[in-house]
file structure_30.cif (mmCIF, C-alpha atoms)
data_structure
#
loop_
_atom_site.label_atom_id
_atom_site.label_comp_id
_atom_site.auth_asym_id
_atom_site.auth_seq_id
_atom_site.Cartn_x
_atom_site.Cartn_y
_atom_site.Cartn_z
CA MET A 16 147.68 48.59 64.87
CA ASP A 17 150.10 47.21 67.42
CA ARG A 18 153.80 47.24 66.75
CA MET A 19 155.55 43.97 65.91
CA PRO A 20 159.16 44.77 66.90
CA ALA A 21 162.05 42.99 65.22
CA SER A 22 164.86 41.31 67.12
CA ILE A 23 168.10 39.55 66.24
CA PHE A 24 166.61 36.24 67.39
CA ASN A 25 163.11 36.57 66.00
CA ASP A 26 163.70 38.18 62.62
CA VAL A 27 167.37 37.94 61.62
CA ILE A 28 168.18 34.37 62.67
CA GLY A 29 164.52 33.44 62.18
CA PRO A 30 161.17 33.82 63.94
CA VAL A 31 160.24 31.55 66.84
CA MET A 32 157.53 29.44 65.26
CA ARG A 33 156.26 26.05 64.22
CA GLY A 34 157.62 25.00 60.80
CA PRO A 35 158.03 24.35 58.05
CA SER A 36 158.44 27.84 56.51
CA SER A 37 159.05 31.20 58.16
CA SER A 38 157.75 33.16 55.18
CA HIS A 39 154.71 30.93 54.72
CA VAL A 40 153.78 30.33 58.38
CA ALA A 41 155.10 33.23 60.47
CA GLY A 42 154.48 35.71 57.65
CA ALA A 43 150.91 34.47 57.25
CA ALA A 44 150.29 34.74 61.00
CA ARG A 45 151.56 38.33 61.12
CA ILE A 46 149.52 39.39 58.11
CA ALA A 47 146.43 37.89 59.73
CA ALA A 48 147.22 39.58 63.04
CA VAL A 49 147.14 42.97 61.29
CA VAL A 50 143.87 42.14 59.54
CA ARG A 51 142.35 40.93 62.82
CA GLN A 52 143.11 44.25 64.51
CA SER A 53 141.27 46.14 61.77
CA VAL A 54 138.00 44.50 62.86
CA GLY A 55 138.54 45.13 66.55
CA GLY A 56 139.98 41.69 67.24
CA ALA A 57 136.64 40.02 66.49
CA PRO A 58 136.67 38.64 62.94
CA MET A 59 133.61 36.83 61.63
CA ARG A 60 134.68 35.91 58.10
CA ALA A 61 137.72 36.30 55.86
CA VAL A 62 138.35 35.42 52.22
CA VAL A 63 142.01 35.08 51.22
CA ASP A 64 143.03 35.08 47.57
CA PHE A 65 146.36 33.68 46.36
CA ASP A 66 147.43 34.37 42.80
CA VAL A 67 147.56 31.31 40.56
CA ASN A 68 151.06 32.30 39.39
CA GLY A 69 152.46 32.86 42.89
CA SER A 70 154.27 30.55 45.27
CA LEU A 71 151.30 30.15 47.64
CA ALA A 72 148.81 28.74 45.12
CA ALA A 73 150.25 25.23 45.28
CA SER A 74 151.89 25.30 48.71
CA HIS A 75 149.56 27.20 51.06
CA ASP A 76 148.23 24.01 52.64
CA GLY A 77 151.38 21.89 52.74
CA HIS A 78 153.70 24.70 53.86
CA GLY A 79 151.48 25.79 56.73
CA THR A 80 150.20 29.09 55.33
CA ASP A 81 146.58 28.18 56.13
CA MET A 82 147.62 27.22 59.66
CA GLY A 83 149.56 30.45 60.21
CA PHE A 84 146.83 32.67 58.81
CA VAL A 85 144.03 31.04 60.78
CA CYS A 86 146.02 31.22 64.02
CA GLY A 87 146.75 34.91 63.40
CA MET A 88 143.06 35.57 62.82
CA LEU A 89 142.21 33.80 66.07
CA GLY A 90 144.85 35.66 68.06
CA LYS A 91 146.83 32.46 68.74
CA GLU A 92 150.60 32.30 68.90
CA ILE A 93 152.05 29.88 66.37
CA THR A 94 154.16 28.35 69.15
CA GLU A 95 151.07 26.99 70.93
CA PRO A 96 150.87 23.17 70.94
CA ASP A 97 147.43 22.89 69.33
CA VAL A 98 147.98 25.05 66.25
CA ASP A 99 147.72 22.00 63.99
CA ARG A 100 144.02 21.92 64.94
CA TYR A 101 143.56 25.30 63.30
CA ALA A 102 140.54 24.31 61.19
CA ARG A 103 138.67 22.94 64.20
CA LEU A 104 139.71 25.93 66.33
CA ALA A 105 138.28 28.34 63.74
CA GLU A 106 135.06 26.36 63.61
CA GLU A 107 134.76 26.38 67.39
CA ALA A 108 135.37 30.14 67.44
CA GLY A 109 132.74 30.72 64.77
CA VAL A 110 135.24 32.26 62.34
CA GLU A 111 134.84 31.35 58.68
CA ILE A 112 138.02 31.53 56.58
CA GLU A 113 138.07 30.70 52.87
CA PHE A 114 141.18 30.34 50.71
CA ARG A 115 140.87 30.81 46.95
CA ILE A 116 143.26 30.52 44.00
CA LEU A 117 142.62 33.22 41.40
CA ASP A 118 144.41 34.87 38.51
CA TYR A 119 144.56 38.54 39.52
CA GLY A 120 148.05 39.55 38.42
CA ALA A 121 149.80 39.79 41.79
CA GLU A 122 153.23 41.42 41.53
CA HIS A 123 154.79 39.45 44.40
CA PRO A 124 154.85 35.62 44.64
CA ASN A 125 153.84 35.69 48.33
CA ASN A 126 150.86 38.02 47.86
CA TYR A 127 147.72 37.92 50.02
CA ARG A 128 144.51 39.65 48.94
CA ILE A 129 142.09 39.62 51.86
CA GLU A 130 138.51 40.66 52.45
CA VAL A 131 137.44 40.60 56.09
CA TRP A 132 134.20 41.13 57.98
CA GLY A 133 134.01 41.83 61.73
CA ARG A 134 131.32 41.03 64.25
CA GLY A 135 130.72 44.74 64.78
CA GLY A 136 129.85 45.34 61.13
CA GLU A 137 133.39 46.26 60.03
CA HIS A 138 134.43 45.41 56.47
CA HIS A 139 137.90 45.94 54.99
CA LEU A 140 139.99 45.02 51.98
CA TRP A 141 143.70 44.35 52.50
CA GLU A 142 146.63 43.36 50.35
CA GLY A 143 149.99 42.35 51.76
CA VAL A 144 153.09 40.28 51.08
CA SER A 145 155.32 37.99 53.10
CA VAL A 146 158.78 39.23 52.20
CA GLY A 147 160.78 36.44 53.87
CA GLY A 148 161.93 35.36 57.32
CA GLY A 149 158.53 36.11 58.80
CA MET A 150 158.66 39.79 57.81
CA ILE A 151 155.65 41.35 56.09
CA GLU A 152 154.49 44.48 54.29
CA MET A 153 150.83 45.44 54.04
CA ARG A 154 150.55 47.38 50.79
CA ARG A 155 146.87 48.21 50.29
CA TYR A 156 144.03 49.05 52.67
CA ASP A 157 140.51 49.72 51.40
CA GLY A 158 141.82 50.90 48.03
CA PHE A 159 144.68 53.07 49.37
CA ASP A 160 148.36 52.35 48.79
CA ILE A 161 150.11 52.06 52.15
CA SER A 162 153.27 50.56 53.65
CA LEU A 163 152.71 48.86 57.01
CA CYS A 164 155.46 46.50 58.16
CA GLY A 165 154.87 46.16 61.90
CA ASP A 166 157.83 48.35 62.86
CA PHE A 167 155.55 51.15 64.14
CA TYR A 168 152.27 51.49 65.96
CA GLU A 169 149.86 52.51 63.21
CA VAL A 170 146.60 54.44 63.04
CA LEU A 171 144.58 54.43 59.80
CA VAL A 172 141.49 56.66 59.63
CA LYS A 173 139.24 57.16 56.61
CA PHE A 174 137.57 60.50 55.81
CA PRO A 175 135.62 62.09 52.97
CA HIS A 176 137.76 63.76 50.30
CA GLY A 177 140.02 66.39 51.87
CA GLY A 178 139.30 65.30 55.42
CA ALA A 179 142.56 63.47 55.98
CA ALA A 180 144.66 66.47 54.97
CA ALA A 181 142.66 68.71 57.30
CA MET A 182 143.02 66.28 60.18
CA LYS A 183 146.75 65.86 59.55
CA SER A 184 147.30 69.54 60.41
CA SER A 185 144.94 69.45 63.42
CA ARG A 186 145.83 69.88 67.08
CA ALA A 187 144.51 66.38 67.82
CA VAL A 188 147.14 64.81 65.56
CA ALA A 189 149.90 67.15 66.78
CA ASP A 190 149.08 66.32 70.41
CA SER A 191 149.35 62.59 69.69
CA ALA A 192 152.96 63.19 68.47
CA PRO A 193 153.24 60.80 65.51
CA ASP A 194 156.66 60.08 64.04
CA PHE A 195 155.16 60.20 60.55
CA ALA A 196 151.84 61.48 59.21
CA GLN A 197 150.52 61.11 55.67
CA ALA A 198 147.24 62.08 54.02
CA LEU A 199 146.23 60.02 51.00
CA GLU A 200 143.47 60.68 48.47
CA GLY A 201 141.62 57.91 46.63
CA GLY A 202 138.46 57.18 44.75
CA GLY A 203 136.51 56.50 47.91
CA GLY A 204 137.69 59.48 49.96
CA SER A 205 140.89 60.10 51.91
CA LEU A 206 143.02 58.20 54.40
CA LEU A 207 145.10 59.50 57.29
CA SER A 208 148.08 57.27 58.07
CA LEU A 209 149.93 57.87 61.36
CA LYS A 210 153.03 56.02 62.57
CA TYR A 211 154.28 56.02 66.17
CA SER A 212 157.49 54.54 67.57
CA LYS A 213 155.83 54.57 71.01
CA ALA A 214 152.27 53.51 71.72
CA PRO A 215 149.99 56.56 71.35
CA GLU A 216 147.69 57.63 74.15
CA LEU A 217 144.40 55.84 73.56
CA ASN A 218 142.32 58.88 74.52
CA SER A 219 143.71 60.77 71.52
CA ILE A 220 142.48 58.23 68.97
CA PRO A 221 138.72 59.01 69.17
CA LYS A 222 139.47 62.71 68.61
CA ILE A 223 141.46 61.87 65.49
CA GLY A 224 138.70 59.61 64.21
CA HIS A 225 135.96 62.18 64.77
CA PRO A 226 136.85 65.62 63.41
CA ASN A 227 133.95 67.31 65.20
CA LYS A 228 135.48 66.21 68.50
CA ALA A 229 138.99 67.38 67.73
CA PRO A 230 139.95 70.79 69.11
CA GLY A 231 142.05 73.11 67.01
CA LEU A 232 140.69 72.18 63.57
#

call {"tool": "encode", "arguments": {"input": "structure_30.cif", "output": "structure tokens"}}
result
Amino acid sequence: MDRMPASIFNDVIGPVMRGPSSSHVAGAARIAAVVRQSVGGAPMRAVVDFDVNGSLAASHDGHGTDMGFVCGMLGKEITEPDVDRYARLAEEAGVEIEFRILDYGAEHPNNYRIEVWGRGGEHHLWEGVSVGGGMIEMRRYDGFDISLCGDFYEVLVKFPHGGAAAMKSSRAVADSAPDFAQALEGGGGSLLSLKYSKAPELNSIPKIGHPNKAPGL
């Protein structure tokens, strides 16, 4: 995942964006940008659930959340002049996006529960929140508890049980020089989460994703 660096102008005073709400528009766009990257930048379909008791259930259309999310999924900046045509732009791009209001007990009022399918067969489940001022935190990925805020470059790799811990101590990971490395276990296997303050070398990523190609295991 690419880094989304903060700045005094973009995140303290407020993000550069089309209104009306930084948390509902810019936050939605950033959450969608993360989700888009998880399917290689080529989403085919996404289903977004807002909790009936949250702030987005009644306001997601009027406050621009739909617009921000769709633009993020399409890779469009929310400063572009045609963002108000987001529904038509998604249709023209062949990207189907559905928004639903459900009662699923979200803990945060600005919670997004997202299921996404990519054109290459990718399928992921995400959960994230817009915490205010355009800032976000992605909190769940395919059943694993994570914390992804856009302040680091991120690599998430799934393995069978025990595989993430083994890869964490491998030469491939050490050579990529992450700032933080964490191995998580879950019902569906294990997840390796790597955070980098500088963009990692791309040639190291396939070795991390394929243990049989990683020297030093």

call {"tool": "atom_distance", "arguments": {"input": "structure_30.cif", "atom1": "CA of Gly69 (chain A)", "atom2": "CA of Asn125 (chain A)"}}
result
6.3 Å

call {"tool": "residues_near_point", "arguments": {"input": "structure_30.cif", "point": "(133.7, 44.3, 57.9)", "cutoff": "12 Å", "atoms": "all atoms listed in the file", "output": "ChimeraX atom specification"}}
result
/A:50-62,129-141,157

call {"tool": "atom_distance", "arguments": {"input": "structure_30.cif", "atom1": "CA of Leu104 (chain A)", "atom2": "CA of Val170 (chain A)"}}
result
29.5 Å

call {"tool": "atom_distance", "arguments": {"input": "structure_30.cif", "atom1": "CA of Gly165 (chain A)", "atom2": "CA of Ile151 (chain A)"}}
result
7.6 Å

call {"tool": "residues_around", "arguments": {"input": "structure_30.cif", "residues": "region 172-174 of chain A", "least_positions_apart": "4", "cutoff": "7 Å", "atoms": "only C-alpha atoms", "output": "compact mmCIF listing (two decimals) with C-alpha atoms, in the frame of the given file"}}
result
# COMPACT_ATOMS: atom_id res chain seq x y z
CA GLY A 178 139.30 65.30 55.42
CA ALA A 179 142.56 63.47 55.98
CA GLY A 204 137.69 59.48 49.96
CA SER A 205 140.89 60.10 51.91
CA LEU A 206 143.02 58.20 54.40
CA LEU A 207 145.10 59.50 57.29
CA SER A 208 148.08 57.27 58.07
CA GLY A 224 138.70 59.61 64.21

call {"tool": "closest_residue", "arguments": {"input": "structure_30.cif", "among": "A:Ala48, A:Met88, A:Val110, A:Val146", "to": "Ser70 (chain A)", "atoms": "all atoms listed in the file"}}
result
A:Val146

call {"tool": "residues_around", "arguments": {"input": "structure_30.cif", "residues": "Gly202 (chain A)", "least_positions_apart": "6", "cutoff": "9 Å", "atoms": "only C-alpha atoms", "output": "list of chain:residue names"}}
result
A:Gly158, A:Phe159, A:His176

call {"tool": "closest_residue", "arguments": {"input": "structure_30.cif", "among": "A:Ser212, A:Ser145, A:Asn68, A:Asn126", "to": "Val40 (chain A)", "atoms": "all atoms listed in the file"}}
result
A:Ser145

call {"tool": "residues_around", "arguments": {"input": "structure_30.cif", "residues": "Ile116 (chain A)", "least_positions_apart": "6", "cutoff": "7 Å", "atoms": "only C-alpha atoms", "output": "list in words"}}
result
Asp64, Phe65, Asp66, Val67 and Ala72 of chain A

call {"tool": "write_last_selection", "arguments": {"input": "structure_30.cif", "atoms": "C-alpha atoms", "output": "JSON list (two decimals), in the frame of the given file"}}
result
[["chain", "number", "residue", "atom", "x", "y", "z"],
["A", 64, "ASP", "CA", 143.03, 35.08, 47.57],
["A", 65, "PHE", "CA", 146.36, 33.68, 46.36],
["A", 66, "ASP", "CA", 147.43, 34.37, 42.80],
["A", 67, "VAL", "CA", 147.56, 31.31, 40.56],
["A", 72, "ALA", "CA", 148.81, 28.74, 45.12]]

call {"tool": "closest_residue", "arguments": {"input": "structure_30.cif", "among": "A:Leu171, A:Ala214, A:Ala43, A:Ala108", "to": "Ala196 (chain A)", "atoms": "all atoms listed in the file"}}
result
A:Leu171

call {"tool": "residues_around", "arguments": {"input": "structure_30.cif", "residues": "Met182 (chain A)", "least_positions_apart": "2", "cutoff": "8 Å", "atoms": "only C-alpha atoms", "output": "JSON list (two decimals) with C-alpha atoms, in the frame of the given file"}}
result
[["chain", "number", "residue", "atom", "x", "y", "z"],
["A", 178, "GLY", "CA", 139.30, 65.30, 55.42],
["A", 179, "ALA", "CA", 142.56, 63.47, 55.98],
["A", 180, "ALA", "CA", 144.66, 66.47, 54.97],
["A", 184, "SER", "CA", 147.30, 69.54, 60.41],
["A", 185, "SER", "CA", 144.94, 69.45, 63.42],
["A", 187, "ALA", "CA", 144.51, 66.38, 67.82],
["A", 188, "VAL", "CA", 147.14, 64.81, 65.56],
["A", 207, "LEU", "CA", 145.10, 59.50, 57.29],
["A", 223, "ILE", "CA", 141.46, 61.87, 65.49],
["A", 226, "PRO", "CA", 136.85, 65.62, 63.41],
["A", 232, "LEU", "CA", 140.69, 72.18, 63.57]]

call {"tool": "decode", "arguments": {"input": "structure_30.cif", "residues": "region 122-143 of chain A", "atoms": "N, CA, C and O atoms", "output": "mmCIF file, in the first residue's frame"}}
result
data_model
loop_
_atom_site.group_PDB
_atom_site.id
_atom_site.type_symbol
_atom_site.label_atom_id
_atom_site.label_comp_id
_atom_site.auth_asym_id
_atom_site.auth_seq_id
_atom_site.Cartn_x
_atom_site.Cartn_y
_atom_site.Cartn_z
ATOM 1 N N GLU A 122 -18.530 -0.201 16.079
ATOM 2 C CA GLU A 122 -18.111 0.518 17.282
ATOM 3 C C GLU A 122 -17.861 1.994 17.035
ATOM 4 O O GLU A 122 -17.870 2.790 17.976
ATOM 5 N N HIS A 123 -17.613 2.378 15.791
ATOM 6 C CA HIS A 123 -17.308 3.773 15.462
ATOM 7 C C HIS A 123 -18.410 4.319 14.560
ATOM 8 O O HIS A 123 -18.891 3.624 13.659
ATOM 9 N N PRO A 124 -18.836 5.577 14.754
ATOM 10 C CA PRO A 124 -19.932 6.121 13.935
ATOM 11 C C PRO A 124 -19.586 6.278 12.460
ATOM 12 O O PRO A 124 -20.483 6.283 11.615
ATOM 13 N N ASN A 125 -18.293 6.409 12.135
ATOM 14 C CA ASN A 125 -17.879 6.554 10.735
ATOM 15 C C ASN A 125 -17.228 5.262 10.239
ATOM 16 O O ASN A 125 -16.137 5.269 9.677
ATOM 17 N N ASN A 126 -17.899 4.144 10.455
ATOM 18 C CA ASN A 126 -17.340 2.839 10.123
ATOM 19 C C ASN A 126 -17.728 2.410 8.706
ATOM 20 O O ASN A 126 -18.863 2.597 8.268
ATOM 21 N N TYR A 127 -16.770 1.834 7.995
ATOM 22 C CA TYR A 127 -16.977 1.281 6.659
ATOM 23 C C TYR A 127 -16.654 -0.215 6.709
ATOM 24 O O TYR A 127 -15.552 -0.598 7.104
ATOM 25 N N ARG A 128 -17.591 -1.045 6.294
ATOM 26 C CA ARG A 128 -17.326 -2.472 6.117
ATOM 27 C C ARG A 128 -17.428 -2.758 4.630
ATOM 28 O O ARG A 128 -18.472 -2.528 4.026
ATOM 29 N N ILE A 129 -16.350 -3.239 4.040
ATOM 30 C CA ILE A 129 -16.228 -3.277 2.580
ATOM 31 C C ILE A 129 -15.840 -4.671 2.108
ATOM 32 O O ILE A 129 -14.905 -5.285 2.639
ATOM 33 N N GLU A 130 -16.531 -5.139 1.098
ATOM 34 C CA GLU A 130 -16.147 -6.345 0.378
ATOM 35 C C GLU A 130 -15.830 -5.938 -1.048
ATOM 36 O O GLU A 130 -16.613 -5.230 -1.688
ATOM 37 N N VAL A 131 -14.686 -6.355 -1.557
ATOM 38 C CA VAL A 131 -14.243 -5.892 -2.868
ATOM 39 C C VAL A 131 -13.764 -7.064 -3.709
ATOM 40 O O VAL A 131 -13.164 -8.016 -3.204
ATOM 41 N N TRP A 132 -14.057 -6.987 -5.002
ATOM 42 C CA TRP A 132 -13.618 -7.974 -5.976
ATOM 43 C C TRP A 132 -12.807 -7.261 -7.053
ATOM 44 O O TRP A 132 -13.195 -6.199 -7.533
ATOM 45 N N GLY A 133 -11.676 -7.858 -7.450
ATOM 46 C CA GLY A 133 -10.833 -7.274 -8.483
ATOM 47 C C GLY A 133 -10.959 -8.012 -9.804
ATOM 48 O O GLY A 133 -11.429 -9.158 -9.854
ATOM 49 N N ARG A 134 -10.519 -7.382 -10.858
ATOM 50 C CA ARG A 134 -10.629 -7.972 -12.190
ATOM 51 C C ARG A 134 -9.669 -9.144 -12.393
ATOM 52 O O ARG A 134 -9.827 -9.923 -13.333
ATOM 53 N N GLY A 135 -8.695 -9.262 -11.491
ATOM 54 C CA GLY A 135 -7.774 -10.388 -11.577
ATOM 55 C C GLY A 135 -8.167 -11.553 -10.689
ATOM 56 O O GLY A 135 -7.375 -12.467 -10.477
ATOM 57 N N GLY A 136 -9.395 -11.539 -10.155
ATOM 58 C CA GLY A 136 -9.863 -12.603 -9.290
ATOM 59 C C GLY A 136 -9.640 -12.342 -7.808
ATOM 60 O O GLY A 136 -9.974 -13.188 -6.969
ATOM 61 N N GLU A 137 -9.087 -11.185 -7.444
ATOM 62 C CA GLU A 137 -8.848 -10.868 -6.040
ATOM 63 C C GLU A 137 -10.181 -10.660 -5.309
ATOM 64 O O GLU A 137 -11.159 -10.180 -5.890
ATOM 65 N N HIS A 138 -10.180 -10.980 -4.038
ATOM 66 C CA HIS A 138 -11.374 -10.788 -3.201
ATOM 67 C C HIS A 138 -10.910 -10.520 -1.776
ATOM 68 O O HIS A 138 -10.155 -11.306 -1.205
ATOM 69 N N HIS A 139 -11.344 -9.387 -1.209
ATOM 70 C CA HIS A 139 -10.906 -9.018 0.135
ATOM 71 C C HIS A 139 -12.048 -8.413 0.934
ATOM 72 O O HIS A 139 -12.986 -7.830 0.379
ATOM 73 N N LEU A 140 -11.916 -8.533 2.250
ATOM 74 C CA LEU A 140 -12.840 -7.930 3.199
ATOM 75 C C LEU A 140 -12.067 -6.918 4.035
ATOM 76 O O LEU A 140 -11.036 -7.247 4.621
ATOM 77 N N TRP A 141 -12.567 -5.694 4.081
ATOM 78 C CA TRP A 141 -11.924 -4.614 4.819
ATOM 79 C C TRP A 141 -12.900 -3.992 5.814
ATOM 80 O O TRP A 141 -14.110 -3.998 5.595
ATOM 81 N N GLU A 142 -12.348 -3.427 6.870
ATOM 82 C CA GLU A 142 -13.134 -2.584 7.752
ATOM 83 C C GLU A 142 -12.247 -1.419 8.183
ATOM 84 O O GLU A 142 -11.087 -1.613 8.554
ATOM 85 N N GLY A 143 -12.794 -0.205 8.075
ATOM 86 C CA GLY A 143 -12.017 0.974 8.414
ATOM 87 C C GLY A 143 -12.908 2.082 8.908
ATOM 88 O O GLY A 143 -14.136 2.018 8.785
#
